[in-house]
$ cat run_38.cif   # mmCIF, C-alpha atoms
data_upload
#
loop_
_atom_site.label_atom_id
_atom_site.label_comp_id
_atom_site.auth_asym_id
_atom_site.auth_seq_id
_atom_site.Cartn_x
_atom_site.Cartn_y
_atom_site.Cartn_z
CA MET A 28 -0.06 -32.45 2.05
CA ARG A 29 -2.63 -32.89 4.76
CA LEU A 30 -4.69 -30.01 6.16
CA ALA A 31 -6.80 -30.31 9.30
CA ILE A 32 -9.58 -27.74 9.67
CA LEU A 33 -10.77 -27.42 13.26
CA GLY A 34 -14.26 -25.98 13.38
CA GLY A 35 -14.68 -27.68 10.02
CA GLY A 36 -18.46 -27.66 10.28
CA GLY A 37 -18.36 -23.87 10.33
CA PHE A 38 -19.78 -21.62 7.67
CA ARG A 39 -16.45 -20.39 6.27
CA THR A 40 -14.93 -23.82 5.62
CA PRO A 41 -16.15 -23.88 1.97
CA LEU A 42 -14.17 -20.69 1.33
CA VAL A 43 -10.97 -22.47 2.33
CA TYR A 44 -11.81 -25.57 0.31
CA GLY A 45 -12.75 -23.43 -2.69
CA ALA A 46 -9.32 -21.79 -2.55
CA LEU A 47 -7.66 -25.22 -2.40
CA LEU A 48 -9.51 -26.24 -5.56
CA THR A 49 -7.73 -23.46 -7.47
CA ASP A 50 -4.27 -24.71 -6.48
CA ARG A 51 -2.81 -26.97 -9.18
CA HIS A 52 0.79 -27.12 -7.92
CA GLU A 53 2.27 -30.63 -7.65
CA ARG A 54 2.91 -29.98 -3.95
CA ARG A 55 -0.53 -28.98 -2.80
CA VAL A 56 -3.04 -30.02 -0.15
CA ASP A 57 -4.53 -33.32 -1.31
CA GLU A 58 -6.25 -34.33 1.93
CA VAL A 59 -8.52 -32.27 4.15
CA ARG A 60 -9.71 -33.48 7.51
CA LEU A 61 -12.68 -31.60 8.94
CA HIS A 62 -13.11 -31.66 12.70
CA ASP A 63 -16.11 -30.35 14.60
CA VAL A 64 -17.96 -31.20 17.79
CA SER A 65 -21.23 -31.35 15.82
CA PRO A 66 -21.81 -34.27 13.42
CA ARG A 67 -24.79 -32.40 12.00
CA ARG A 68 -22.69 -29.42 11.00
CA LEU A 69 -19.98 -31.66 9.57
CA ALA A 70 -22.52 -33.49 7.42
CA ALA A 71 -23.95 -30.25 6.03
CA ILE A 72 -20.61 -28.68 5.20
CA GLY A 73 -19.37 -31.98 3.81
CA ARG A 74 -22.22 -31.84 1.28
CA VAL A 75 -21.31 -28.28 0.31
CA LEU A 76 -17.68 -29.28 -0.27
CA ALA A 77 -18.68 -32.31 -2.33
CA GLN A 78 -20.75 -30.07 -4.60
CA LEU A 79 -17.93 -27.53 -4.83
CA ALA A 80 -15.61 -30.31 -5.98
CA GLU A 81 -17.90 -31.46 -8.81
CA GLY A 82 -16.25 -30.90 -12.17
CA HIS A 83 -12.76 -30.60 -10.68
CA ASP A 84 -10.11 -33.15 -11.53
CA ASP A 85 -8.48 -34.75 -8.50
CA PRO A 86 -9.93 -32.44 -5.79
CA PRO A 87 -8.56 -32.72 -2.25
CA ARG A 88 -10.02 -35.74 -0.47
CA VAL A 89 -12.29 -34.80 2.45
CA THR A 90 -12.91 -36.78 5.62
CA THR A 91 -14.89 -35.69 8.66
CA THR A 92 -14.45 -36.56 12.32
CA THR A 93 -15.45 -35.46 15.81
CA ASP A 94 -12.17 -36.90 17.18
CA LEU A 95 -9.58 -34.13 17.55
CA ASP A 96 -6.61 -36.52 17.60
CA ALA A 97 -7.76 -38.23 14.41
CA ALA A 98 -8.02 -34.86 12.67
CA VAL A 99 -4.67 -33.51 13.80
CA GLU A 100 -2.39 -36.56 13.63
CA GLY A 101 0.20 -36.30 10.89
CA SER A 102 -1.11 -33.02 9.51
CA ASP A 103 1.22 -30.59 7.76
CA PHE A 104 -1.03 -27.61 8.51
CA VAL A 105 -3.78 -27.12 11.06
CA PHE A 106 -6.34 -24.41 10.40
CA SER A 107 -8.13 -23.42 13.61
CA ALA A 108 -11.51 -21.75 13.26
CA ILE A 109 -13.31 -23.04 16.33
CA ARG A 110 -16.12 -21.21 18.14
CA VAL A 111 -16.11 -22.30 21.77
CA GLY A 112 -19.66 -22.07 23.08
CA GLY A 113 -21.12 -21.69 19.60
CA LEU A 114 -23.27 -18.80 18.46
CA GLU A 115 -25.37 -19.29 21.58
CA GLY A 116 -22.30 -18.19 23.55
CA ARG A 117 -21.85 -15.20 21.26
CA THR A 118 -25.40 -14.03 21.87
CA ALA A 119 -24.75 -14.17 25.61
CA ASP A 120 -21.47 -12.26 25.14
CA GLU A 121 -23.47 -9.50 23.49
CA ARG A 122 -26.51 -9.41 25.75
CA VAL A 123 -24.72 -9.46 29.13
CA ALA A 124 -22.73 -6.37 28.11
CA LEU A 125 -25.65 -4.60 26.44
CA ASP A 126 -27.76 -5.06 29.56
CA LEU A 127 -25.11 -3.01 31.35
CA GLY A 128 -25.01 -0.36 28.62
CA LEU A 129 -21.74 -1.64 27.14
CA LEU A 130 -20.58 -3.03 23.84
CA GLY A 131 -20.61 -6.83 23.69
CA GLN A 132 -18.99 -7.34 20.27
CA GLU A 133 -17.27 -10.73 20.06
CA THR A 134 -13.71 -9.44 19.69
CA THR A 135 -13.91 -5.79 20.72
CA GLY A 136 -15.15 -5.00 24.19
CA ALA A 137 -16.47 -7.08 27.04
CA GLY A 138 -17.89 -9.80 24.80
CA GLY A 139 -14.45 -10.45 23.38
CA LEU A 140 -13.01 -10.94 26.87
CA SER A 141 -15.71 -13.46 27.75
CA TYR A 142 -15.03 -15.23 24.46
CA GLY A 143 -11.31 -15.26 25.21
CA LEU A 144 -11.75 -16.63 28.73
CA ARG A 145 -13.57 -19.75 27.52
CA THR A 146 -11.54 -20.16 24.32
CA VAL A 147 -7.98 -20.05 25.70
CA PRO A 148 -8.22 -23.37 27.61
CA VAL A 149 -9.56 -25.14 24.51
CA ALA A 150 -6.96 -23.54 22.23
CA LEU A 151 -4.19 -24.64 24.59
CA ARG A 152 -5.50 -28.22 24.55
CA VAL A 153 -5.48 -28.11 20.76
CA ALA A 154 -1.90 -26.80 20.78
CA GLU A 155 -0.83 -29.60 23.11
CA ARG A 156 -2.32 -32.27 20.83
CA VAL A 157 -0.66 -30.69 17.80
CA ARG A 158 2.69 -30.73 19.62
CA VAL A 159 2.30 -34.46 20.31
CA LEU A 160 0.62 -35.69 17.10
CA ALA A 161 1.89 -33.27 14.44
CA PRO A 162 5.05 -31.68 15.86
CA ASP A 163 6.16 -30.29 12.49
CA ALA A 164 2.79 -28.77 11.62
CA TRP A 165 2.10 -25.07 11.30
CA VAL A 166 -1.08 -23.77 12.92
CA ILE A 167 -2.97 -21.04 11.08
CA ASN A 168 -5.30 -19.48 13.61
CA PHE A 169 -8.54 -17.71 12.70
CA THR A 170 -10.22 -18.43 16.03
CA ASN A 171 -11.32 -15.21 17.70
CA PRO A 172 -10.18 -13.17 19.50
CA ALA A 173 -7.45 -13.98 16.98
CA GLY A 174 -4.49 -12.08 18.43
CA LEU A 175 -5.18 -13.20 21.98
CA VAL A 176 -5.69 -16.85 21.01
CA THR A 177 -2.62 -16.87 18.77
CA GLU A 178 -0.51 -15.54 21.65
CA ALA A 179 -1.85 -18.21 24.00
CA MET A 180 -1.13 -21.02 21.50
CA GLN A 181 2.39 -19.70 20.90
CA SER A 182 3.15 -20.46 24.55
CA VAL A 183 2.98 -24.13 23.52
CA LEU A 184 4.05 -24.15 19.86
CA GLY A 185 6.16 -21.02 19.54
CA ASP A 186 6.33 -19.24 16.20
CA ARG A 187 4.68 -22.15 14.38
CA VAL A 188 1.33 -20.51 15.21
CA VAL A 189 0.32 -17.68 12.87
CA GLY A 190 -2.87 -15.65 13.25
CA ILE A 191 -4.76 -14.38 10.21
CA CYS A 192 -7.54 -11.87 9.58
CA ASP A 193 -9.05 -10.53 6.38
CA SER A 194 -9.74 -6.99 7.64
CA PRO A 195 -6.29 -5.37 7.15
CA ILE A 196 -5.64 -6.75 3.69
CA GLY A 197 -9.19 -5.85 2.69
CA ALA A 198 -8.60 -2.22 3.68
CA ALA A 199 -5.33 -2.06 1.76
CA ARG A 200 -6.93 -3.56 -1.34
CA ARG A 201 -9.79 -1.09 -1.17
CA VAL A 202 -7.38 1.85 -1.04
CA ALA A 203 -5.42 0.56 -4.02
CA ALA A 204 -8.48 -0.30 -6.11
CA THR A 205 -10.18 3.01 -5.32
CA MET A 206 -7.08 4.85 -6.51
CA GLY A 207 -6.96 2.76 -9.70
CA VAL A 208 -3.90 0.71 -8.78
CA ASP A 209 -3.41 -3.05 -8.82
CA PRO A 210 -3.18 -4.11 -5.14
CA ALA A 211 -0.54 -6.69 -6.10
CA GLU A 212 1.78 -3.83 -7.11
CA THR A 213 1.70 -2.10 -3.73
CA THR A 214 3.47 -2.34 -0.38
CA VAL A 215 1.60 -1.69 2.82
CA ASP A 216 2.34 0.13 6.09
CA TYR A 217 -0.09 -1.27 8.65
CA VAL A 218 0.47 -1.81 12.36
CA GLY A 219 -1.45 -2.67 15.52
CA LEU A 220 -3.21 -5.63 17.09
CA ASN A 221 -5.91 -7.82 15.62
CA HIS A 222 -8.99 -5.65 15.01
CA LEU A 223 -7.04 -2.68 16.37
CA GLY A 224 -4.69 -1.34 13.72
CA TRP A 225 -4.11 1.57 11.38
CA LEU A 226 -3.27 1.63 7.68
CA ARG A 227 -0.82 4.49 7.27
CA GLY A 228 0.47 3.74 3.82
CA VAL A 229 -0.29 1.92 0.57
CA HIS A 230 2.75 2.59 -1.57
CA HIS A 231 2.94 2.38 -5.35
CA ASP A 232 5.85 3.60 -7.47
CA GLY A 233 7.24 5.57 -4.55
CA ARG A 234 3.92 7.29 -3.78
CA ASN A 235 1.72 6.80 -0.73
CA LEU A 236 -1.87 6.47 -1.93
CA VAL A 237 -3.45 7.05 1.50
CA PRO A 238 -2.95 10.88 1.67
CA ALA A 239 -4.26 11.19 -1.87
CA LEU A 240 -7.36 9.19 -0.97
CA LEU A 241 -7.94 11.20 2.19
CA GLY A 242 -7.93 14.36 0.10
CA ASP A 243 -10.47 13.08 -2.43
CA ASP A 244 -14.05 13.46 -1.12
CA ARG A 245 -15.68 11.44 -3.88
CA ARG A 246 -13.35 8.48 -3.73
CA LEU A 247 -13.17 8.44 0.05
CA ALA A 248 -16.96 8.41 0.35
CA ALA A 249 -17.07 5.32 -1.88
CA THR A 250 -14.92 3.24 0.46
CA GLU A 251 -16.18 1.10 3.34
CA GLU A 252 -14.02 3.07 5.78
CA GLY A 253 -15.25 6.39 4.43
CA GLN A 254 -18.80 5.32 5.13
CA LEU A 255 -17.97 3.96 8.59
CA PHE A 256 -15.86 6.79 9.95
CA GLY A 257 -16.64 9.81 7.76
CA ALA A 258 -14.11 11.84 5.79
CA GLU A 259 -13.56 14.42 8.53
CA TRP A 260 -12.51 11.87 11.16
CA LEU A 261 -10.29 9.96 8.75
CA ARG A 262 -8.48 13.17 7.87
CA THR A 263 -8.13 13.97 11.56
CA LEU A 264 -6.43 10.61 12.07
CA GLY A 265 -4.37 10.88 8.91
CA ALA A 266 -4.75 7.13 8.43
CA ILE A 267 -7.30 4.45 7.61
CA PRO A 268 -8.32 2.63 10.82
CA ASN A 269 -9.25 -1.01 10.88
CA GLU A 270 -13.04 -1.18 10.58
CA TYR A 271 -13.34 -2.54 14.13
CA LEU A 272 -12.00 0.74 15.49
CA TYR A 273 -15.49 2.07 14.79
CA TYR A 274 -16.41 0.50 18.12
CA TYR A 275 -13.77 2.60 19.89
CA TYR A 276 -14.28 5.88 18.05
CA PHE A 277 -18.09 5.71 17.91
CA THR A 278 -18.89 3.62 20.98
CA ARG A 279 -22.15 5.28 21.99
CA ASP A 280 -23.40 5.29 18.41
CA ALA A 281 -22.68 1.57 18.10
CA VAL A 282 -24.34 0.67 21.40
CA ALA A 283 -27.40 2.80 20.59
CA SER A 284 -27.74 1.23 17.14
CA ILE A 285 -27.40 -2.33 18.45
CA THR A 286 -29.81 -1.85 21.37
CA GLY A 287 -32.31 -0.26 18.99
CA SER A 288 -32.25 -3.26 16.68
CA PRO A 289 -34.53 -6.29 17.09
CA GLN A 290 -31.51 -8.63 17.05
CA THR A 291 -27.84 -8.52 17.88
CA ARG A 292 -25.41 -9.74 15.25
CA GLY A 293 -25.01 -13.03 17.13
CA GLU A 294 -28.77 -13.56 17.33
CA TYR A 295 -29.10 -12.84 13.61
CA LEU A 296 -26.35 -15.30 12.69
CA LEU A 297 -27.68 -17.96 15.05
CA ALA A 298 -31.14 -17.86 13.45
CA GLN A 299 -29.68 -17.71 9.95
CA GLN A 300 -27.36 -20.66 10.43
CA GLN A 301 -29.99 -22.78 12.15
CA ARG A 302 -32.15 -22.30 9.04
CA PHE A 303 -29.19 -23.13 6.78
CA TYR A 304 -28.32 -26.43 8.48
CA ALA A 305 -31.99 -27.43 8.61
CA THR A 306 -32.43 -26.63 4.91
CA VAL A 307 -29.40 -28.72 3.92
CA GLU A 308 -30.73 -31.65 5.94
CA THR A 309 -34.07 -31.58 4.14
CA SER A 310 -32.71 -30.61 0.70
CA PRO A 311 -29.13 -31.91 0.45
CA VAL A 312 -28.96 -31.39 -3.32
CA ALA A 313 -29.35 -27.65 -2.71
CA ALA A 314 -26.51 -27.44 -0.20
CA LEU A 315 -24.06 -25.37 -2.26
CA GLY A 316 -26.67 -22.98 -3.61
CA GLU A 317 -28.12 -22.42 -0.15
CA TRP A 318 -24.66 -21.88 1.34
CA ASP A 319 -23.80 -19.30 -1.32
CA ARG A 320 -27.10 -17.46 -0.85
CA VAL A 321 -26.70 -17.31 2.92
CA ARG A 322 -23.05 -16.23 2.57
CA MET A 323 -24.03 -13.24 0.44
CA GLU A 324 -26.81 -12.31 2.85
CA ARG A 325 -24.43 -12.59 5.78
CA ASN A 326 -21.77 -10.42 4.13
CA ALA A 327 -24.27 -7.78 3.06
CA THR A 328 -25.39 -7.26 6.67
CA TYR A 329 -21.87 -7.17 8.16
CA MET A 330 -21.44 -4.24 10.63
CA ARG A 331 -24.93 -3.00 9.79
CA GLU A 332 -25.03 -1.05 13.07
CA ALA A 333 -22.33 1.24 11.69
CA ARG A 334 -24.24 2.27 8.55
CA ASP A 335 -27.12 4.65 8.03
CA GLU A 336 -30.53 3.25 7.19
CA GLY A 337 -30.67 2.36 3.52
CA GLU A 338 -26.88 2.51 3.11
CA GLU A 339 -25.62 -0.64 1.39
CA ARG A 340 -22.19 -2.21 1.28
CA ASP A 341 -20.15 -2.03 -1.90
CA GLU A 342 -20.64 -5.08 -4.12
CA HIS A 343 -16.96 -6.06 -3.89
CA ASP A 344 -17.19 -6.04 -0.09
CA VAL A 345 -20.39 -8.08 -0.19
CA GLN A 346 -18.64 -10.75 -2.25
CA GLY A 347 -16.39 -11.19 0.78
CA GLY A 348 -13.56 -13.63 0.98
CA GLY A 349 -9.94 -12.84 1.57
CA TYR A 350 -8.79 -14.77 4.60
CA GLU A 351 -8.88 -18.08 2.75
CA GLY A 352 -6.46 -16.58 0.22
CA VAL A 353 -4.18 -15.53 3.06
CA ALA A 354 -4.24 -19.06 4.49
CA LEU A 355 -3.42 -20.58 1.09
CA ALA A 356 -0.58 -18.08 0.55
CA ILE A 357 0.93 -18.97 3.94
CA MET A 358 0.82 -22.68 3.14
CA ALA A 359 2.35 -22.14 -0.32
CA ALA A 360 5.11 -19.93 1.07
CA ILE A 361 6.09 -22.38 3.81
CA SER A 362 5.71 -25.65 1.91
CA ARG A 363 6.95 -24.52 -1.51
CA GLY A 364 9.09 -21.48 -0.78
CA GLU A 365 6.76 -19.16 -2.73
CA ALA A 366 7.62 -15.99 -0.83
CA ALA A 367 4.66 -13.77 0.00
CA SER A 368 4.05 -10.46 1.74
CA LEU A 369 1.04 -10.71 4.07
CA ILE A 370 -0.41 -8.89 7.09
CA LEU A 371 -0.34 -11.45 9.90
CA ASN A 372 -0.56 -11.87 13.65
CA VAL A 373 2.95 -12.86 14.75
CA ARG A 374 5.37 -12.52 17.64
CA ASN A 375 6.46 -8.90 17.91
CA GLY A 376 10.20 -9.13 18.40
CA ILE A 377 11.28 -5.54 17.72
CA ALA A 378 8.65 -4.76 15.06
CA VAL A 379 6.47 -2.53 17.27
CA PRO A 380 8.43 -0.54 19.88
CA GLY A 381 6.50 -0.13 23.12
CA LEU A 382 5.08 -3.66 23.18
CA PRO A 383 6.66 -6.77 24.74
CA HIS A 384 9.00 -8.87 22.63
CA ASP A 385 6.72 -11.92 22.88
CA ALA A 386 3.45 -10.08 22.35
CA VAL A 387 1.49 -10.98 19.21
CA VAL A 388 1.03 -7.99 16.91
CA GLU A 389 -0.56 -7.54 13.48
CA VAL A 390 1.97 -6.28 10.93
CA PRO A 391 3.13 -6.88 7.36
CA CYS A 392 5.34 -9.97 7.15
CA THR A 393 7.51 -11.69 4.61
CA VAL A 394 6.69 -15.40 4.54
CA ASP A 395 8.92 -18.11 3.06
CA ALA A 396 9.96 -21.68 3.86
CA HIS A 397 11.14 -20.54 7.29
CA GLY A 398 7.78 -18.99 8.19
CA PRO A 399 6.77 -15.36 8.66
CA ARG A 400 9.16 -12.52 9.54
CA PRO A 401 7.77 -9.11 10.54
CA GLN A 402 8.73 -6.28 8.20
CA ALA A 403 9.95 -2.93 9.49
CA VAL A 404 7.08 -0.50 10.08
CA SER A 405 7.05 3.09 11.26
CA PRO A 406 6.45 3.18 15.03
CA LEU A 407 3.11 3.87 16.65
CA GLU A 408 2.86 7.17 18.48
CA GLY A 409 0.28 9.07 20.48
CA HIS A 410 -3.15 7.62 21.10
CA PRO A 411 -2.69 4.53 18.85
CA LEU A 412 0.32 3.43 20.90
CA GLY A 413 -1.49 4.01 24.17
CA LEU A 414 -4.55 2.14 22.98
CA VAL A 415 -2.66 -0.94 21.77
CA GLN A 416 -0.61 -1.02 24.98
CA GLN A 417 -3.76 -0.96 27.08
CA VAL A 418 -5.56 -3.60 25.03
CA LYS A 419 -2.48 -5.83 24.93
CA ALA A 420 -2.24 -5.64 28.73
CA VAL A 421 -5.90 -6.67 28.93
CA GLU A 422 -5.34 -9.59 26.54
CA ARG A 423 -2.50 -10.87 28.70
CA LEU A 424 -4.65 -10.62 31.80
CA VAL A 425 -7.33 -12.71 30.05
CA ILE A 426 -4.76 -15.38 29.19
CA GLU A 427 -3.52 -15.40 32.80
CA ALA A 428 -7.06 -15.62 34.17
CA ALA A 429 -7.99 -18.41 31.76
CA THR A 430 -4.89 -20.47 32.58
CA THR A 431 -4.87 -19.95 36.37
CA GLY A 432 -8.59 -19.62 37.12
CA SER A 433 -7.95 -16.27 38.82
CA VAL A 434 -11.14 -14.29 39.37
CA GLN A 435 -9.02 -11.34 40.41
CA ARG A 436 -7.18 -11.26 37.08
CA ALA A 437 -10.43 -11.63 35.15
CA VAL A 438 -12.01 -8.67 36.95
CA GLU A 439 -8.84 -6.69 36.32
CA ALA A 440 -9.02 -7.49 32.62
CA PHE A 441 -12.61 -6.29 32.33
CA ALA A 442 -11.97 -3.20 34.46
CA LEU A 443 -8.94 -2.07 32.44
CA HIS A 444 -10.52 -2.51 29.03
CA PRO A 445 -11.00 0.89 27.32
CA LEU A 446 -14.69 0.15 26.65
CA VAL A 447 -15.54 -0.73 30.28
CA ASP A 448 -16.00 2.33 32.47
CA SER A 449 -16.16 1.01 36.04
CA VAL A 450 -14.61 -1.62 38.30
CA THR A 451 -18.08 -2.26 39.68
CA VAL A 452 -19.36 -2.92 36.18
CA ALA A 453 -16.37 -5.20 35.53
CA ARG A 454 -17.42 -7.37 38.46
CA GLU A 455 -21.02 -7.40 37.19
CA LEU A 456 -19.81 -8.42 33.74
CA LEU A 457 -17.86 -11.38 35.03
CA ARG A 458 -20.75 -12.41 37.25
CA GLY A 459 -23.15 -12.19 34.31
CA TYR A 460 -20.95 -14.19 31.98
CA ARG A 461 -20.41 -16.91 34.58
CA GLU A 462 -24.16 -17.17 35.11
CA ARG A 463 -25.07 -17.18 31.41
CA ILE A 464 -22.20 -19.22 29.92
CA PRO A 465 -21.22 -22.45 31.71
CA LEU A 466 -17.92 -22.64 29.80
CA VAL A 467 -16.85 -19.30 31.32
CA ASP A 468 -17.83 -20.45 34.80
CA GLU A 469 -15.80 -23.65 34.34
CA VAL A 470 -12.62 -21.60 33.94
CA PHE A 471 -12.86 -20.58 37.60
CA ARG A 472 -13.90 -23.98 38.96
CA THR A 473 -10.93 -26.07 37.86
#

$ encode --input "run_38.cif" --output "C-alpha cells"
Amino acid sequence: MRLAILGGGGFRTPLVYGALLTDRHERRVDEVRLHDVSPRRLAAIGRVLAQLAEGHDDPPRVTTTTDLDAAVEGSDFVFSAIRVGGLEGRTADERVALDLGLLGQETTGAGGLSYGLRTVPVALRVAERVRVLAPDAWVINFTNPAGLVTEAMQSVLGDRVVGICDSPIGAARRVAATMGVDPAETTVDYVGLNHLGWLRGVHHDGRNLVPALLGDDRRLAATEEGQLFGAEWLRTLGAIPNEYLYYYYFTRDAVASITGSPQTRGEYLLAQQQRFYATVETSPVAALGEWDRVRMERNATYMREARDEGEERDEHDVQGGGYEGVALAIMAAISRGEAASLILNVRNGIAVPGLPHDAVVEVPCTVDAHGPRPQAVSPLEGHPLGLVQQVKAVERLVIEAATTGSVQRAVEAFALHPLVDSVTVARELLRGYRERIPLVDEVFRT
C-alpha cells in the first residue's frame, strides 16, 4: 500500500513512520511519499526516517517531493498534516490576539480562526487533487483546526475524510491507567468537537471509572487533567474535559500566563525547530538523536501556561505519541478489516442531537473495511451543548468566509466566538491578521 504524507517535512512525521515500522502484516504500507513545500525540511526528516529504518528488514520505501500531484497520485491513504503559513503564521495568530487582550491559541480562540481562514482553501485544493488522482484513497486529516478542516474537505470527498487527534484517547487512557485498568479493556463515552469535548465515561466490567476517579483526591491530582483544572472544578463538571477546554474555563489565567512569558508557544516552537533543522544540516549523522531529544523537550513544555511554576508533566505524557497509532489503526481497519474502536472526527449523522447532520463531530467510532461509523453516545446537555453549537456555527462561518472571500462572514465568525468579547474587536482581529499574514489577506482578494 502507498501512503502519502502531506506536510511530510514536519516534526511529527517520524512518529508515523515509526509506527509503520512495527507493522509486519503482509498487507501493510510499503511505500511512503513525503510531500512538503520546503526541500530543506524534507531532507532533514528524510534523514531521520532513514536512521529509524536501520536494522529493520524491508522497511517502507520513502521518497520525497515538493510536487503535490506526484505525492498523491495512486495513493491508498493520504495523511494530511500541513501547516499553512508555517510557524511564522502561528506566531502571528498568537500575537495579534494577545495584543488585543485575547487568546491566540492555534485551534482555540481567534488564532484558530485565522489559521482556519488560510488553511481551508489549501485543504480544498488538496481534496480536489485527491479526488482526481487517487479517487479511492482515504484521507486521514491531522491538519488544524482539525474538525473545521475535516468538514471542509468532506465537502469534496465525503466520508472518505476522517479527522484524528490524540487528546481524547490520551485522556481515556490516563483515566484507565490511573485506576489500574488496561485501557484496551475499556469502552469510552466521549463527545464534542475537536479540542472541545468531554469524557463522561470509561467503562470496565460494567463500571464507569470516571466517578471513582473524581472521588479520589490522590489519583485525580496525579492526572494531567487534575493538574490543569483542579479537583473541585472537575467534580463540578462531573466529567473530564478535553485539555483544550482549559482555555475556555480559565481564559484570563491562560492569557495572563502567556503574556507574562518571554515567548508564546509558537515562538518557542519556531526557534526550537529552526535550531533542529540547522543542526541536522550540519550534523546529519545525529539526525535521529537530535529529533528524539527535541521531541521530548517539546512534549515536556506542552501547555506550560496551564501549570504552576515548577510543576512538571507526568513521564508517560512527556513520552507523547498516540495519534500515529490512531492513524495506523484506521488504515489497518479499512484495508484489512481489523475492526477498531477509535475516537475520531466524522460526519455527525444522528450521533450528537442538536448539531447538523453534516457537521463534523468528535465521537467514538467503530472502524472496519467500510470506514468509520459513529457509536451511540449519551446526548450533550446544558452548557456543553450550547458551547459546541456556538463553536460549530463559528467553524461553518469560517468555511463560508474562506470559500467565498466574504469579509462580512469572517467578522461574524470572530464576533460570535465565545472567546471574543466585542464586534469591534472582531473587526480589529481580522484587520490585524490580514496585515500580518499575507495568506489570510489573499482569501479576501480572490

$ closest_residue --input "run_38.cif" --among "A:Cys192, A:Val123, A:Ala150, A:Ala70" --to "Leu223 (chain A)" --atoms "all atoms listed in the file"
A:Cys192

$ closest_atom_pairs --input "run_38.cif" --of "region 205-312 of chain A" --to "region 124-143 of chain A" --cutoff "10 Å" --atoms "all atoms listed in the file" --output "tab-separated table"
residue	atom	partner	partner_atom	distance
A:Asn221	CA	A:Thr134	CA	8.9
A:His222	CA	A:Thr135	CA	7.5
A:Leu223	CA	A:Thr135	CA	8.7
A:Tyr271	CA	A:Thr135	CA	7.4
A:Leu272	CA	A:Thr135	CA	8.6
A:Tyr273	CA	A:Thr135	CA	10.0
A:Tyr274	CA	A:Thr135	CA	7.3
A:Tyr275	CA	A:Thr135	CA	8.4
A:Thr278	CA	A:Leu130	CA	7.4
A:Arg279	CA	A:Leu129	CA	8.6
A:Ala281	CA	A:Leu130	CA	7.6
A:Val282	CA	A:Leu130	CA	5.8
A:Ala283	CA	A:Gly128	CA	9.0
A:Ile285	CA	A:Leu125	CA	8.5
A:Thr286	CA	A:Leu125	CA	7.1
A:Thr291	CA	A:Gln132	CA	9.2
A:Arg292	CA	A:Gln132	CA	8.5
A:Gly293	CA	A:Glu133	CA	8.6

$ write_last_selection --input "run_38.cif" --atoms "C-alpha atoms" --output "short mmCIF file (atom, residue, chain, number, x, y, z; two decimals), in the frame of the given file"
data_model
loop_
_atom_site.label_atom_id
_atom_site.label_comp_id
_atom_site.auth_asym_id
_atom_site.auth_seq_id
_atom_site.Cartn_x
_atom_site.Cartn_y
_atom_site.Cartn_z
CA ASN A 221 -5.91 -7.82 15.62
CA HIS A 222 -8.99 -5.65 15.01
CA LEU A 223 -7.04 -2.68 16.37
CA TYR A 271 -13.34 -2.54 14.13
CA LEU A 272 -12.00 0.74 15.49
CA TYR A 273 -15.49 2.07 14.79
CA TYR A 274 -16.41 0.50 18.12
CA TYR A 275 -13.77 2.60 19.89
CA THR A 278 -18.89 3.62 20.98
CA ARG A 279 -22.15 5.28 21.99
CA ALA A 281 -22.68 1.57 18.10
CA VAL A 282 -24.34 0.67 21.40
CA ALA A 283 -27.40 2.80 20.59
CA ILE A 285 -27.40 -2.33 18.45
CA THR A 286 -29.81 -1.85 21.37
CA THR A 291 -27.84 -8.52 17.88
CA ARG A 292 -25.41 -9.74 15.25
CA GLY A 293 -25.01 -13.03 17.13
#

$ residues_around --input "run_38.cif" --residues "Val404 (chain A)" --least-positions-apart "6" --cutoff "12 Å" --atoms "all atoms listed in the file" --output "list in words"
Thr214, Val215, Asp216, Tyr217, Val218, Gly219, Trp225, Leu226, Arg227, Gly228, Ile370, Asn375, Ile377, Ala378, Val379, Pro380, Val388, Glu389, Val390, Pro391 and Cys392 of chain A

$ atom_distance --input "run_38.cif" --atom1 "CA of Gly224 (chain A)" --atom2 "CA of Glu408 (chain A)"
12.3 Å

$ residues_around --input "run_38.cif" --residues "Phe169 (chain A)" --least-positions-apart "5" --cutoff "8 Å" --atoms "all atoms listed in the file" --output "compact mmCIF listing (two decimals) with C-alpha atoms, keeping the file's coordinate frame"
# COMPACT_ATOMS: atom_id res chain seq x y z
CA PHE A 106 -6.34 -24.41 10.40
CA SER A 107 -8.13 -23.42 13.61
CA ALA A 108 -11.51 -21.75 13.26
CA GLY A 190 -2.87 -15.65 13.25
CA ILE A 191 -4.76 -14.38 10.21
CA CYS A 192 -7.54 -11.87 9.58

$ atom_distance --input "run_38.cif" --atom1 "CA of Arg55 (chain A)" --atom2 "CA of Ala396 (chain A)"
14.4 Å

$ residues_around --input "run_38.cif" --residues "Glu252 (chain A)" --least-positions-apart "4" --cutoff "8 Å" --atoms "only C-alpha atoms" --output "PyMOL selection string"
chain A and resi 198+247+256-257+267-268+270

$ resolve_selection --input "run_38.cif" --expression "the PyMOL selection byres ((chain A and resi 208) around 12)" --output "ChimeraX atom specification"
/A:199-207,209-214,229-232,234-236

$ residues_around --input "run_38.cif" --residues "Glu178 (chain A)" --least-positions-apart "6" --cutoff "10 Å" --atoms "only C-alpha atoms" --output "list in words"
Val147, Leu184, Gly185, Asp186, Val188, Val189, Gly190, Asn372, Val373, Arg374, Asp385, Ala386, Val387, Val388, Glu422, Arg423 and Ile426 of chain A

$ residues_around --input "run_38.cif" --residues "Phe441 (chain A)" --least-positions-apart "6" --cutoff "9 Å" --atoms "all atoms listed in the file" --output "list in words"
Gly136, Ala137, Leu140, Val421, Val425, Val447, Ser449, Val450, Val452, Ala453, Arg454, Leu456 and Leu457 of chain A

$ residues_near_point --input "run_38.cif" --point "(-15.6, -34.8, 10.4)" --cutoff "10 Å" --atoms "only C-alpha atoms" --output "ChimeraX atom specification"
/A:31-36,59-70,72-73,89-95,97-98
